[in-house]
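> Pasting model.pdb here (PDB, C-alpha atoms):
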```pdb
MODEL        1
ATOM      1  CA  MET A  14      13.691 -17.736   1.370  1.00  0.00           C
ATOM      2  CA  LYS A  15      11.380 -20.717   0.830  1.00  0.00           C
ATOM      3  CA  TYR A  16       8.711 -19.104   3.029  1.00  0.00           C
ATOM      4  CA  LEU A  17       9.129 -15.796   1.178  1.00  0.00           C
ATOM      5  CA  THR A  18       8.805 -17.546  -2.184  1.00  0.00           C
ATOM      6  CA  ARG A  19       5.714 -19.462  -1.105  1.00  0.00           C
ATOM      7  CA  TYR A  20       3.881 -16.287  -0.076  1.00  0.00           C
ATOM      8  CA  VAL A  21       5.312 -13.813  -2.605  1.00  0.00           C
ATOM      9  CA  ARG A  22       1.887 -13.361  -4.191  1.00  0.00           C
ATOM     10  CA  GLU A  23       0.456 -12.171  -0.879  1.00  0.00           C
ATOM     11  CA  ILE A  24       3.464  -9.933  -0.210  1.00  0.00           C
ATOM     12  CA  MET A  25       3.260  -8.287  -3.635  1.00  0.00           C
ATOM     13  CA  TYR A  26      -0.508  -7.944  -3.665  1.00  0.00           C
ATOM     14  CA  GLY A  27      -0.830  -6.732  -0.077  1.00  0.00           C
ATOM     15  CA  GLY A  28       2.225  -4.486  -0.263  1.00  0.00           C
ATOM     16  CA  ASN A  29       1.284  -2.796  -3.531  1.00  0.00           C
ATOM     17  CA  ASP A  30      -2.308  -2.241  -2.477  1.00  0.00           C
ATOM     18  CA  GLY A  31      -1.228  -0.948   0.929  1.00  0.00           C
ATOM     19  CA  ILE A  32       1.181   1.565  -0.592  1.00  0.00           C
ATOM     20  CA  ILE A  33      -1.211   2.823  -3.240  1.00  0.00           C
ATOM     21  CA  THR A  34      -4.444   3.012  -1.273  1.00  0.00           C
ATOM     22  CA  THR A  35      -2.708   4.827   1.561  1.00  0.00           C
ATOM     23  CA  PHE A  36      -0.969   7.229  -0.787  1.00  0.00           C
ATOM     24  CA  ALA A  37      -4.327   7.750  -2.492  1.00  0.00           C
ATOM     25  CA  ILE A  38      -5.528   9.372   0.734  1.00  0.00           C
ATOM     26  CA  VAL A  39      -2.568  11.767   0.734  1.00  0.00           C
ATOM     27  CA  ALA A  40      -2.800  12.441  -3.014  1.00  0.00           C
ATOM     28  CA  GLY A  41      -6.563  12.883  -2.873  1.00  0.00           C
ATOM     29  CA  PHE A  42      -6.331  15.513  -0.135  1.00  0.00           C
ATOM     30  CA  THR A  43      -3.504  17.259  -1.980  1.00  0.00           C
ATOM     31  CA  GLY A  44      -5.185  17.081  -5.373  1.00  0.00           C
ATOM     32  CA  ALA A  45      -8.364  18.537  -3.915  1.00  0.00           C
ATOM     33  CA  HIS A  46      -6.332  21.295  -2.262  1.00  0.00           C
ATOM     34  CA  ILE A  47      -7.973  20.446   1.021  1.00  0.00           C
ATOM     35  CA  ASN A  48      -6.208  22.549   3.548  1.00  0.00           C
ATOM     36  CA  VAL A  49      -4.298  20.490   6.071  1.00  0.00           C
ATOM     37  CA  VAL A  50      -3.286  23.646   7.951  1.00  0.00           C
ATOM     38  CA  ASP A  51      -5.439  25.363  10.505  1.00  0.00           C
ATOM     39  CA  LYS A  52      -4.824  28.784  12.081  1.00  0.00           C
ATOM     40  CA  ALA A  53      -3.047  27.261  15.062  1.00  0.00           C
ATOM     41  CA  GLY A  54      -0.566  25.350  12.897  1.00  0.00           C
ATOM     42  CA  ILE A  55      -0.439  22.105  11.018  1.00  0.00           C
ATOM     43  CA  SER A  56      -3.532  19.952  11.289  1.00  0.00           C
ATOM     44  CA  ILE A  57      -2.670  16.620   9.796  1.00  0.00           C
ATOM     45  CA  MET A  58      -5.523  14.804  11.461  1.00  0.00           C
ATOM     46  CA  PRO A  59      -7.704  14.331   8.352  1.00  0.00           C
ATOM     47  CA  VAL A  60      -4.886  12.630   6.446  1.00  0.00           C
ATOM     48  CA  LEU A  61      -3.888  10.500   9.434  1.00  0.00           C
ATOM     49  CA  LEU A  62      -7.486   9.617  10.280  1.00  0.00           C
ATOM     50  CA  PHE A  63      -8.349   8.496   6.758  1.00  0.00           C
ATOM     51  CA  GLY A  64      -4.899   7.001   6.168  1.00  0.00           C
ATOM     52  CA  LEU A  65      -4.900   4.867   9.314  1.00  0.00           C
ATOM     53  CA  ALA A  66      -8.561   3.896   8.898  1.00  0.00           C
ATOM     54  CA  ASN A  67      -7.721   2.777   5.371  1.00  0.00           C
ATOM     55  CA  LEU A  68      -4.665   0.851   6.535  1.00  0.00           C
ATOM     56  CA  PHE A  69      -6.501  -1.260   9.040  1.00  0.00           C
ATOM     57  CA  ALA A  70      -9.920  -1.607   7.399  1.00  0.00           C
ATOM     58  CA  ASP A  71      -8.634  -2.291   3.886  1.00  0.00           C
ATOM     59  CA  GLY A  72      -5.790  -4.477   5.151  1.00  0.00           C
ATOM     60  CA  LEU A  73      -8.201  -6.557   7.172  1.00  0.00           C
ATOM     61  CA  SER A  74     -10.676  -6.722   4.299  1.00  0.00           C
ATOM     62  CA  MET A  75      -7.982  -7.876   1.869  1.00  0.00           C
ATOM     63  CA  SER A  76      -6.629 -10.499   4.226  1.00  0.00           C
ATOM     64  CA  LEU A  77     -10.063 -11.900   5.030  1.00  0.00           C
ATOM     65  CA  GLY A  78     -10.967 -11.873   1.342  1.00  0.00           C
ATOM     66  CA  ASN A  79      -7.767 -13.793   0.638  1.00  0.00           C
ATOM     67  CA  PHE A  80      -8.692 -16.311   3.341  1.00  0.00           C
ATOM     68  CA  LEU A  81     -12.167 -16.815   1.850  1.00  0.00           C
ATOM     69  CA  SER A  82     -10.883 -17.081  -1.712  1.00  0.00           C
ATOM     70  CA  ILE A  83      -8.378 -19.810  -0.787  1.00  0.00           C
ATOM     71  CA  ARG A  84     -11.022 -21.699   1.177  1.00  0.00           C
ATOM     72  CA  THR A  85     -13.547 -21.338  -1.657  1.00  0.00           C
ATOM     73  CA  GLU A  86     -11.037 -22.523  -4.243  1.00  0.00           C
ATOM     74  CA  ARG A  87     -10.231 -25.575  -2.139  1.00  0.00           C
ATOM     75  CA  GLU A  88     -13.894 -26.369  -1.585  1.00  0.00           C
ATOM     76  CA  THR A  89     -14.802 -26.056  -5.272  1.00  0.00           C
ATOM     77  CA  THR A  90     -11.823 -28.006  -6.589  1.00  0.00           C
ATOM     78  CA  ASN A  91     -11.569 -30.525  -3.743  1.00  0.00           C
ATOM     79  CA  ASP A  92      -7.877 -29.654  -3.648  1.00  0.00           C
ATOM     80  CA  THR A  93      -6.537 -30.500  -0.205  1.00  0.00           C
ATOM     81  CA  ARG A  94      -2.878 -31.142  -1.014  1.00  0.00           C
ATOM     82  CA  GLN A  95      -0.576 -30.586   1.955  1.00  0.00           C
ATOM     83  CA  GLY A  96       1.818 -28.405  -0.043  1.00  0.00           C
ATOM     84  CA  ASP A  97      -0.763 -25.683  -0.705  1.00  0.00           C
ATOM     85  CA  LYS A  98      -0.839 -22.395   1.086  1.00  0.00           C
ATOM     86  CA  HIS A  99      -2.513 -22.358   4.466  1.00  0.00           C
ATOM     87  CA  PRO A 100      -5.434 -19.903   4.333  1.00  0.00           C
ATOM     88  CA  ILE A 101      -4.734 -18.410   7.764  1.00  0.00           C
ATOM     89  CA  ILE A 102      -1.019 -17.917   7.119  1.00  0.00           C
ATOM     90  CA  SER A 103      -1.728 -16.575   3.656  1.00  0.00           C
ATOM     91  CA  SER A 104      -4.217 -14.027   4.974  1.00  0.00           C
ATOM     92  CA  ALA A 105      -1.838 -13.010   7.770  1.00  0.00           C
ATOM     93  CA  VAL A 106       0.981 -12.420   5.266  1.00  0.00           C
ATOM     94  CA  THR A 107      -1.368 -10.309   3.126  1.00  0.00           C
ATOM     95  CA  PHE A 108      -2.389  -8.231   6.159  1.00  0.00           C
ATOM     96  CA  CYS A 109       1.167  -7.741   7.441  1.00  0.00           C
ATOM     97  CA  SER A 110       2.448  -6.793   3.993  1.00  0.00           C
ATOM     98  CA  PHE A 111      -0.411  -4.338   3.512  1.00  0.00           C
ATOM     99  CA  ILE A 112       0.258  -2.672   6.882  1.00  0.00           C
ATOM    100  CA  ALA A 113       4.067  -2.659   6.648  1.00  0.00           C
ATOM    101  CA  PHE A 114       4.248  -1.207   3.142  1.00  0.00           C
ATOM    102  CA  GLY A 115       1.093   0.899   3.434  1.00  0.00           C
ATOM    103  CA  TYR A 116       2.372   2.708   6.515  1.00  0.00           C
ATOM    104  CA  ILE A 117       5.352   4.151   4.632  1.00  0.00           C
ATOM    105  CA  PRO A 118       3.472   6.958   2.783  1.00  0.00           C
ATOM    106  CA  LEU A 119       2.154   8.192   6.158  1.00  0.00           C
ATOM    107  CA  ILE A 120       5.536   8.398   7.902  1.00  0.00           C
ATOM    108  CA  PRO A 121       6.106  12.109   7.066  1.00  0.00           C
ATOM    109  CA  PHE A 122       2.793  12.951   8.766  1.00  0.00           C
ATOM    110  CA  PHE A 123       4.080  11.492  12.030  1.00  0.00           C
ATOM    111  CA  LEU A 124       7.269  13.566  11.929  1.00  0.00           C
ATOM    112  CA  ASP A 125       6.974  17.133  13.144  1.00  0.00           C
ATOM    113  CA  TYR A 126       9.961  18.572  11.296  1.00  0.00           C
ATOM    114  CA  TYR A 127       8.341  18.703   7.865  1.00  0.00           C
ATOM    115  CA  SER A 128       6.837  21.963   6.679  1.00  0.00           C
ATOM    116  CA  THR A 129       3.318  21.862   5.341  1.00  0.00           C
ATOM    117  CA  GLN A 130       4.594  22.360   1.808  1.00  0.00           C
ATOM    118  CA  MET A 131       6.968  19.417   2.142  1.00  0.00           C
ATOM    119  CA  LEU A 132       4.442  16.904   3.479  1.00  0.00           C
ATOM    120  CA  PHE A 133       3.145  15.867   0.057  1.00  0.00           C
ATOM    121  CA  VAL A 134       6.628  15.825  -1.475  1.00  0.00           C
ATOM    122  CA  SER A 135       7.942  13.785   1.463  1.00  0.00           C
ATOM    123  CA  SER A 136       5.026  11.367   1.270  1.00  0.00           C
ATOM    124  CA  THR A 137       5.549  11.012  -2.492  1.00  0.00           C
ATOM    125  CA  LEU A 138       9.230  10.189  -1.945  1.00  0.00           C
ATOM    126  CA  ALA A 139       8.306   7.752   0.826  1.00  0.00           C
ATOM    127  CA  THR A 140       5.806   6.113  -1.531  1.00  0.00           C
ATOM    128  CA  LEU A 141       8.427   5.832  -4.259  1.00  0.00           C
ATOM    129  CA  SER A 142      10.833   4.294  -1.731  1.00  0.00           C
ATOM    130  CA  ALA A 143       8.178   1.777  -0.668  1.00  0.00           C
ATOM    131  CA  LEU A 144       7.527   0.805  -4.300  1.00  0.00           C
ATOM    132  CA  ILE A 145      11.267   0.376  -4.903  1.00  0.00           C
ATOM    133  CA  LEU A 146      11.555  -1.757  -1.772  1.00  0.00           C
ATOM    134  CA  LEU A 147       8.657  -3.919  -2.949  1.00  0.00           C
ATOM    135  CA  GLY A 148      10.338  -4.196  -6.358  1.00  0.00           C
ATOM    136  CA  ILE A 149      13.533  -5.368  -4.650  1.00  0.00           C
ATOM    137  CA  VAL A 150      11.549  -8.057  -2.818  1.00  0.00           C
ATOM    138  CA  ARG A 151      10.127  -9.130  -6.170  1.00  0.00           C
ATOM    139  CA  TRP A 152      13.598  -9.245  -7.724  1.00  0.00           C
ATOM    140  CA  LYS A 153      15.060 -11.262  -4.832  1.00  0.00           C
ATOM    141  CA  VAL A 154      12.298 -13.846  -5.040  1.00  0.00           C
ATOM    142  CA  THR A 155      12.125 -14.176  -8.824  1.00  0.00           C
ATOM    143  CA  GLY A 156      15.833 -13.808  -9.552  1.00  0.00           C
ATOM    144  CA  LYS A 157      14.909 -11.998 -12.759  1.00  0.00           C
ATOM    145  CA  ASN A 158      16.360  -8.708 -13.990  1.00  0.00           C
ATOM    146  CA  ALA A 159      16.581  -6.304 -11.024  1.00  0.00           C
ATOM    147  CA  LEU A 160      15.897  -3.125 -12.969  1.00  0.00           C
ATOM    148  CA  ARG A 161      12.880  -4.620 -14.705  1.00  0.00           C
ATOM    149  CA  SER A 162      11.469  -6.068 -11.475  1.00  0.00           C
ATOM    150  CA  ILE A 163      11.737  -2.736  -9.693  1.00  0.00           C
ATOM    151  CA  ALA A 164      10.592  -0.646 -12.681  1.00  0.00           C
ATOM    152  CA  GLU A 165       7.435  -2.701 -13.188  1.00  0.00           C
ATOM    153  CA  VAL A 166       6.398  -2.270  -9.560  1.00  0.00           C
ATOM    154  CA  VAL A 167       7.170   1.474  -9.654  1.00  0.00           C
ATOM    155  CA  VAL A 168       5.308   2.023 -12.943  1.00  0.00           C
ATOM    156  CA  VAL A 169       2.210   0.102 -11.855  1.00  0.00           C
ATOM    157  CA  GLY A 170       2.164   1.889  -8.505  1.00  0.00           C
ATOM    158  CA  SER A 171       2.776   5.292 -10.094  1.00  0.00           C
ATOM    159  CA  ILE A 172      -0.151   4.893 -12.476  1.00  0.00           C
ATOM    160  CA  ALA A 173      -2.491   4.257  -9.557  1.00  0.00           C
ATOM    161  CA  ALA A 174      -0.976   7.108  -7.502  1.00  0.00           C
ATOM    162  CA  VAL A 175      -1.408   9.616 -10.336  1.00  0.00           C
ATOM    163  CA  ALA A 176      -5.004   8.460 -10.792  1.00  0.00           C
ATOM    164  CA  ALA A 177      -5.699   9.146  -7.089  1.00  0.00           C
ATOM    165  CA  PHE A 178      -4.233  12.637  -7.371  1.00  0.00           C
ATOM    166  CA  LEU A 179      -6.254  13.396 -10.517  1.00  0.00           C
ATOM    167  CA  VAL A 180      -9.486  12.261  -8.865  1.00  0.00           C
ATOM    168  CA  GLY A 181      -8.647  14.583  -5.981  1.00  0.00           C
ATOM    169  CA  THR A 182      -8.301  17.490  -8.396  1.00  0.00           C
ATOM    170  CA  LEU A 183     -11.936  16.967  -9.424  1.00  0.00           C
ATOM    171  CA  PHE A 184     -12.852  18.106  -5.927  1.00  0.00           C
ATOM    172  CA  ALA A 185     -10.370  20.961  -5.717  1.00  0.00           C
ATOM    173  CA  THR A 186     -11.418  23.852  -3.528  1.00  0.00           C
ATOM    174  CA  ALA A 187     -10.310  27.313  -4.474  1.00  0.00           C
TER     175      ALA A 187
ENDMDL
END
```
Using structure tokens, write down the structure from this file.

Amino acid sequence: MKYLTRYVREIMYGGNDGIITTFAIVAGFTGAHINVVDKAGISIMPVLLFGLANLFADGLSMSLGNFLSIRTERETTNDTRQGDKHPIISSAVTFCSFIAFGYIPLIPFFLDYYSTQMLFVSSTLATLSALILLGIVRWKVTGKNALRSIAEVVVVGSIAAVAAFLVGTLFATA
């Protein structure tokens, strides 16, 4: 629990961003009414391609940015206390949290038993589940009110998810 508490910032930041930016891919395609079905059947490749590219590129970018920000802060403040976060561990936790939580909205696209109509609904429910799980992590670490901890994560994540869907609707194809 001590390790979890020490790196909770990275878990929350990486996890929330992973969930939302990945779901933004799904919501953007759905909002734009971009057809994920071809004549031969379901073609989920655009969502998976952009979703997985986002997972790894954005996750790596966030973790390396976290590494540089910790190093920069230490260099500008001359703060070298032993109890501080290690930049490499901190960036690794950010990356792992981003990937682990960010993968969840894509899970329905890897399962072949969902109908095309249910892919977005299933991904939305998976995203909600991921946000709730992240809220539970927050509650366990902070020890504060469980409902409030979970609700805040879900509300913040939902605002960003709705924004992604609405941007997608700007590019809707008839």
> Would you kindly translate the PyMOL selection byres ((chain A and resi 149) around 12) into the concrete residues it picks from this file, as a PyMOL selection string?
chain A and resi 21+24-25+142-148+150-167
> Return the single residue from A:Phe114, A:Phe108, A:Phe36, A:Phe69 that is closest to Ser136 of chain A, with distances computed using only C-alpha atoms.
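Counting only C-alpha atoms, the residue closest to Ser136 of chain A is A:Phe36.
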> For each of A:Val169, A:Val60, A:Val106, A:Ala70, take the minimum atom-to-atom distance to Gly41 of chain A, counting only C-alpha atoms, then give the residue where this is smallest.
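Smallest separation from Gly41 of chain A among the options: A:Val60.
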> Rounded to one decimal in Å, what is the spacing between atom CA of Pro100 of chain A and atom CA of Ile32 of chain A?
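Interatomic distance, atom CA of Pro100 of chain A to atom CA of Ile32 of chain A: 23.0 Å.
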> Using only C-alpha atoms, pick whichever of A:Ala176, A:Ala37, A:Met75, A:Leu183 has the shortest atom-to-atom distance to Phe111 of chain A.
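Closest to Phe111 of chain A of all the choices is A:Met75.
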> Nearest residue to Arg87 of chain A out of A:Phe123, A:Gly181, A:Asp71, A:His99, using only C-alpha atoms?
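Once distances to Arg87 of chain A are computed over only C-alpha atoms, the minimum belongs to A:His99.
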> Mind pulling up the distance from atom CA of Thr35 of chain A to atom CA of Arg19 of chain A?
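Distance reported for this atom pair: 25.8 Å.
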> Which of these, A:Asn91, A:Ser103, A:Asn29, A:Ser74, has the shortest distance to Tyr116 of chain A once you count all atoms listed in the file?
A:Asn29
> Have a look at atom CA of Thr137 of chain A and atom CA of Ile112 of chain A and let me know their distance in Å, one decimal.
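These two atoms are separated by 17.4 Å.
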> Edge lengths and centre, in Å to one decimal, as JSON: that's what I need for the box along x, y and z that holds all listed atoms of segment 72-76 of chain A plus 5 Å on each side.

```
{"center_x": -8.2, "center_y": -7.5, "center_z": 4.5, "size_x": 14.9, "size_y": 16.0, "size_z": 15.3}
```
> Give as a list in words the residues that the PyMOL selection byres ((chain A and resi 178) around 9) matches when applied to the coordinates above.
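For this structure, the PyMOL selection byres ((chain A and resi 178) around 9) captures Ala37, Ile38, Val39, Ala40, Gly41, Phe42, Thr43, Gly44, Ala45, Ala173, Ala174, Val175, Ala176, Ala177, Leu179, Val180, Gly181 and Thr182 of chain A.
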> Given the choices A:Ala139, A:Met58, A:Val134, A:Cys109, which gets closest to Leu73 of chain A if the distance is worked out from all atoms listed in the file?
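So, comparing all the options, the nearest one is A:Cys109.
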> Using all atoms listed in the file and a cutoff of 12 Å, can you tell me which residues are near (-10.6, -12.9, 2.5) in the file's coordinates, and write them out as a compact mmCIF listing (two decimals) with C-alpha atoms, keeping the file's coordinate frame?

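This is the output file result_15.txt:
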```txt
# COMPACT_ATOMS: atom_id res chain seq x y z
CA GLU A 23 0.46 -12.17 -0.88
CA GLY A 27 -0.83 -6.73 -0.08
CA ASP A 71 -8.63 -2.29 3.89
CA GLY A 72 -5.79 -4.48 5.15
CA LEU A 73 -8.20 -6.56 7.17
CA SER A 74 -10.68 -6.72 4.30
CA MET A 75 -7.98 -7.88 1.87
CA SER A 76 -6.63 -10.50 4.23
CA LEU A 77 -10.06 -11.90 5.03
CA GLY A 78 -10.97 -11.87 1.34
CA ASN A 79 -7.77 -13.79 0.64
CA PHE A 80 -8.69 -16.31 3.34
CA LEU A 81 -12.17 -16.82 1.85
CA SER A 82 -10.88 -17.08 -1.71
CA ILE A 83 -8.38 -19.81 -0.79
CA ARG A 84 -11.02 -21.70 1.18
CA THR A 85 -13.55 -21.34 -1.66
CA GLU A 86 -11.04 -22.52 -4.24
CA PRO A 100 -5.43 -19.90 4.33
CA ILE A 101 -4.73 -18.41 7.76
CA ILE A 102 -1.02 -17.92 7.12
CA SER A 103 -1.73 -16.58 3.66
CA SER A 104 -4.22 -14.03 4.97
CA ALA A 105 -1.84 -13.01 7.77
CA VAL A 106 0.98 -12.42 5.27
CA THR A 107 -1.37 -10.31 3.13
CA PHE A 108 -2.39 -8.23 6.16
```
